[in-house]
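Undergrad: Quick one: structure below, then a few questions.
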Amino acid sequence: MAKNFSPIVLDSIEPEYFPAVDLYVKQGVNYTLYRNGETDLSESGLERLRQSGVEFVYVDSCNSDEVLLYVESNLKQICGNEKISRTSKNLVLSHIMMSDIGEVFKNPARPGICAKCRSFLDQHEFFIDDRLDLLELLSKFSHYEVYLFKHSAQVAILAMYMHRKLFGMTPEELVPIGVGAMLHDIGMLDVSYDIHEKRDTLTPQEYLRVRHHPRSGHKMLHQIGLSDPVSLSMVLDHHERYNGTGYPRQLYENEIPKSAQIGAICDTYCALTMDRPYRPASPPVEAVRIMRGEKKLYHPGYFEAFADIIGDGD
Ligand SMILES: [Fe+2]
Ligand SMILES: [Fe+2]
């Protein structure tokens, strides 16, 4: 059976403590064994990889839980290590964030599951000082595999950054924004994988199913005890549009809660900049250009602030 591989940020590897698992490097579309799990890792070997431009190494997905545990237990040291770049630290945090999102998506009915997302955001702040840090981080997500998890993490990071820039929100105030964005598409669990990954145009029935995901996600999270109104509105209203053409409630202009308006901009941008089965990813400037062509869909002030952050060549 073909192996699946999961990326690990090279800088997160401490040779002495890293689990004894096989490590691979990616060359084009191929994965080549770099070290057999039974042989020792050396700092000089890792440094040679770094010097040759390698940022990620890969493990067989059957080892990814063990490696995740290693990353989680070393998170404090990684984040406090001055030799590790901000981008590498952000990627390590993104890795944990995606795994927390994955856990909720895999078992949303588990009691207290949303609390894991909240406690991650309560305890950790991304190392993003300016738009360049943000853009660099967002550009690295293509290394990861599961679309919904990486999309949800990207939307969360961008939405928190925009709220911080636009409203000067504190880290505590950003937590419900991040939780809502991490889980905004959880209603897609009710949409089959075949529909989600379909290359052709959706049938009217399939389209209806997809359009139901904000309501089903909102209901699901409400039932399992997510009560923060900001988080819930980001789930329910991220497909509402400023000119009233969105769904599910066809809200108009400022009837749409402001965090959901910003969430909508981040959601569209992050979807456009990621490869999908039915179209390739758009580069950032092209994605902003596409959105500008439909700018009536978004709050004008929030859209211009967003375009300034991404940089649209204007
Ligand atoms: Fe959505
Ligand atoms: Fe989305």
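Chain labels follow the order of the structure tokens: the first chain is A, the next B, and so on; residue numbering restarts at 1 in every chain, and ligands are counted from 1 in their shown order.
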Each residue of chain A lying at most 10 Å from ligand 2 should get a row with its shortest atom-to-atom pair and the distance in Å to one decimal, counting only C-alpha atoms and all ligand atoms; could you produce that, ordered by chain and increasing number, as a tab-separated table?

TA:
residue	atom	partner	partner_atom_place_in_ligand_line	distance
A:Leu148	CA	ligand 2	1 (Fe)	7.7
A:Phe149	CA	ligand 2	1 (Fe)	9.9
A:His151	CA	ligand 2	1 (Fe)	6.6
A:Ser152	CA	ligand 2	1 (Fe)	6.5
A:Ala153	CA	ligand 2	1 (Fe)	9.9
A:Gln154	CA	ligand 2	1 (Fe)	9.6
A:Val155	CA	ligand 2	1 (Fe)	7.4
A:Ala181	CA	ligand 2	1 (Fe)	8.4
A:Met182	CA	ligand 2	1 (Fe)	9.3
A:Leu183	CA	ligand 2	1 (Fe)	9.0
A:His184	CA	ligand 2	1 (Fe)	6.4
A:Asp185	CA	ligand 2	1 (Fe)	5.3
A:Ile186	CA	ligand 2	1 (Fe)	9.0
A:Met188	CA	ligand 2	1 (Fe)	9.1
A:His213	CA	ligand 2	1 (Fe)	10.0
A:Pro214	CA	ligand 2	1 (Fe)	9.6
A:Val235	CA	ligand 2	1 (Fe)	9.2
A:His238	CA	ligand 2	1 (Fe)	7.8
A:His239	CA	ligand 2	1 (Fe)	8.6
A:Gly263	CA	ligand 2	1 (Fe)	8.8
A:Ala264	CA	ligand 2	1 (Fe)	8.2
A:Cys266	CA	ligand 2	1 (Fe)	8.5
A:Asp267	CA	ligand 2	1 (Fe)	4.9
A:Thr268	CA	ligand 2	1 (Fe)	7.1
A:Tyr269	CA	ligand 2	1 (Fe)	9.5
A:Cys270	CA	ligand 2	1 (Fe)	7.8
A:Ala271	CA	ligand 2	1 (Fe)	6.7

Undergrad: Could you give me, as a list in words, the residues within 9 Å of range 157-173 of chain A, counting only C-alpha atoms and dropping anything in the same chain fewer than 6 positions from it?

TA: Ser94, Leu121, Asp122, Glu125, Phe126, Ile128, Arg131, Leu134, Leu138, Ala181, Met182, Ser259, Ile262, Gly263, Ile265, Cys266, Asp267, Cys270, Tyr302, Ala305, Phe306 and Ile309 of chain A

Undergrad: Can you measure CA of Asn107 in chain A to CA of Leu189 in chain A for me? One decimal in Å is fine.

TA: 10.2 Å

Undergrad: Determine which residues of range 15-204 of chain A receive a DSSP assignment of strand (DSSP E), computed from the backbone, and state them as a list in words.

TA: Leu23, Tyr24, Val25, Lys26, Gln27, Asn30, Tyr31, Thr32, Leu33, Tyr34, Arg35, Phe56, Val57, Tyr58, Val59 and Asp60 of chain A

Undergrad: Write out the residues from the selection above, keeping C-alpha atoms, as a short mmCIF file (atom, residue, chain, number, x, y, z; two decimals), in the first residue's frame.

TA:
data_model
loop_
_atom_site.label_atom_id
_atom_site.label_comp_id
_atom_site.auth_asym_id
_atom_site.auth_seq_id
_atom_site.Cartn_x
_atom_site.Cartn_y
_atom_site.Cartn_z
CA LEU A 23 12.64 10.56 8.16
CA TYR A 24 12.24 11.44 4.51
CA VAL A 25 13.10 14.43 2.33
CA LYS A 26 10.92 15.44 -0.58
CA GLN A 27 12.51 15.78 -4.00
CA ASN A 30 9.15 11.81 -4.51
CA TYR A 31 10.05 11.06 -0.90
CA THR A 32 13.57 9.75 -0.27
CA LEU A 33 14.64 8.09 2.98
CA TYR A 34 16.96 10.49 4.84
CA ARG A 35 17.49 8.50 8.00
CA PHE A 56 10.43 20.40 6.04
CA VAL A 57 11.24 16.74 6.46
CA TYR A 58 8.56 14.05 6.34
CA VAL A 59 7.46 11.07 8.39
CA ASP A 60 5.24 8.17 7.43
#

Undergrad: Calculated over only C-alpha atoms and all ligand atoms, which of the candidates A:Gln223, A:Ser216, A:Gln123, A:Thr201 has the smallest distance to ligand 1?

TA: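 Of all the options, A:Ser216 lies closest to ligand 1.
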
Undergrad: Excluding same-chain residues fewer than 3 positions from Arg199 in chain A, what lies within 10 Å of it counting only C-alpha atoms, as a VMD selection string?

TA: chain A and resid 194 to 196 202 276 to 279

Undergrad: Store the residues of this selection in a file with N, CA and C atoms, as a short mmCIF file (atom, residue, chain, number, x, y, z; two decimals), in the first residue's frame.

TA:
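As a result, out.cif now contains:
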data_model
loop_
_atom_site.label_atom_id
_atom_site.label_comp_id
_atom_site.auth_asym_id
_atom_site.auth_seq_id
_atom_site.Cartn_x
_atom_site.Cartn_y
_atom_site.Cartn_z
N ASP A 194 -16.97 13.03 -1.57
CA ASP A 194 -17.09 13.07 -3.04
C ASP A 194 -17.58 14.43 -3.52
N ILE A 195 -18.53 14.99 -2.79
CA ILE A 195 -19.05 16.31 -3.19
C ILE A 195 -17.98 17.37 -2.94
N HIS A 196 -17.34 17.25 -1.79
CA HIS A 196 -16.34 18.27 -1.41
C HIS A 196 -15.18 18.31 -2.39
N LEU A 202 -21.31 21.24 -9.35
CA LEU A 202 -22.20 20.50 -8.45
C LEU A 202 -23.61 20.47 -9.04
N ARG A 276 -7.44 23.37 -5.52
CA ARG A 276 -8.64 22.57 -5.35
C ARG A 276 -8.76 21.61 -6.53
N PRO A 277 -9.55 20.54 -6.40
CA PRO A 277 -9.62 19.59 -7.52
C PRO A 277 -10.12 20.25 -8.80
N TYR A 278 -10.93 21.30 -8.68
CA TYR A 278 -11.57 21.90 -9.86
C TYR A 278 -10.85 23.15 -10.38
N ARG A 279 -9.78 23.61 -9.68
CA ARG A 279 -8.99 24.74 -10.19
C ARG A 279 -7.70 24.86 -9.40
#

Undergrad: Excluding Ser142 in chain A and residues on its chain fewer than 4 positions from it, collect all residues at most 9 Å away from it, counting only C-alpha atoms, and give them as a count of residues only.

TA: 4

Undergrad: If DSSP is run on the backbone, what residues of range 161-264 of chain A are helix (DSSP H, G or I)? A reply as a VMD selection string would be ideal.

TA: chain A and resid 161 to 167 171 to 182 186 to 190 193 to 196 204 to 211 213 to 223 229 to 236 253 to 255 258 to 264

Undergrad: Please provide the set of residues having any atom within 12 Å of Ser99 in chain A, restricted to only C-alpha atoms, with same-chain residues fewer than 5 positions apart removed, written as a PyMOL selection string.

TA: chain A and resi 6+64-65+67-69+71-72+92-94+104-106+116-117+120+144-146+148-150+152-153+182

Undergrad: May I have the residues from that selection written out with C-alpha atoms, as a PDB file, in the first residue's frame?

TA:
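Contents of the output file selection-v2.pdb:
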ATOM      1  CA  SER A   6       3.265  14.203   7.005  1.00  0.00           C
ATOM      2  CA  SER A  64       2.591  11.241  12.903  1.00  0.00           C
ATOM      3  CA  ASP A  65       0.861  10.887  16.322  1.00  0.00           C
ATOM      4  CA  VAL A  67       5.891  12.936  16.291  1.00  0.00           C
ATOM      5  CA  LEU A  68       3.048  15.297  17.177  1.00  0.00           C
ATOM      6  CA  LEU A  69       3.418  14.332  20.824  1.00  0.00           C
ATOM      7  CA  VAL A  71       6.371  18.561  18.991  1.00  0.00           C
ATOM      8  CA  GLU A  72       3.718  19.355  21.621  1.00  0.00           C
ATOM      9  CA  VAL A  92       5.182  24.543  14.407  1.00  0.00           C
ATOM     10  CA  LEU A  93       2.253  26.378  16.031  1.00  0.00           C
ATOM     11  CA  SER A  94       0.230  25.942  12.827  1.00  0.00           C
ATOM     12  CA  VAL A 104     -12.631  18.266  16.483  1.00  0.00           C
ATOM     13  CA  PHE A 105     -13.490  17.329  12.890  1.00  0.00           C
ATOM     14  CA  LYS A 106     -12.832  13.643  13.575  1.00  0.00           C
ATOM     15  CA  LYS A 116      -8.812  22.197  23.117  1.00  0.00           C
ATOM     16  CA  CYS A 117      -8.941  24.866  20.395  1.00  0.00           C
ATOM     17  CA  PHE A 120      -4.370  26.345  22.351  1.00  0.00           C
ATOM     18  CA  TYR A 144       0.372  20.214   4.462  1.00  0.00           C
ATOM     19  CA  GLU A 145      -2.137  17.642   3.279  1.00  0.00           C
ATOM     20  CA  VAL A 146      -5.747  17.780   4.466  1.00  0.00           C
ATOM     21  CA  LEU A 148     -10.110  21.445   5.379  1.00  0.00           C
ATOM     22  CA  PHE A 149      -7.655  21.470   8.281  1.00  0.00           C
ATOM     23  CA  LYS A 150      -5.100  23.707   6.604  1.00  0.00           C
ATOM     24  CA  SER A 152      -9.365  26.366   8.658  1.00  0.00           C
ATOM     25  CA  ALA A 153      -5.993  27.146  10.283  1.00  0.00           C
ATOM     26  CA  MET A 182     -10.789  27.284  13.229  1.00  0.00           C
TER      27      MET A 182
END

Undergrad: Just checking: using only C-alpha atoms, which residue out of A:Glu55, A:Glu16, A:Glu66, A:Asp200 ends up closest to Asp40 in chain A?

TA: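 Of A:Glu55, A:Glu16, A:Glu66, A:Asp200, the one nearest Asp40 in chain A, counting only C-alpha atoms, is A:Glu16.
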
Undergrad: Given only C-alpha atoms as the basis, pick out the residue of A:Ile290, A:Leu232, A:Val175, A:Ala20 nearest to Thr273 in chain A.

TA: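 For Thr273 in chain A, the nearest of the given residues is A:Ile290.
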
Undergrad: Would you work out the distance separating CA of Leu49 in chain A from CA of Asp130 in chain A, expressed in Å to one decimal?

TA: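 Taking CA of Leu49 in chain A as the start and CA of Asp130 in chain A as the end point, the length is 28.1 Å.
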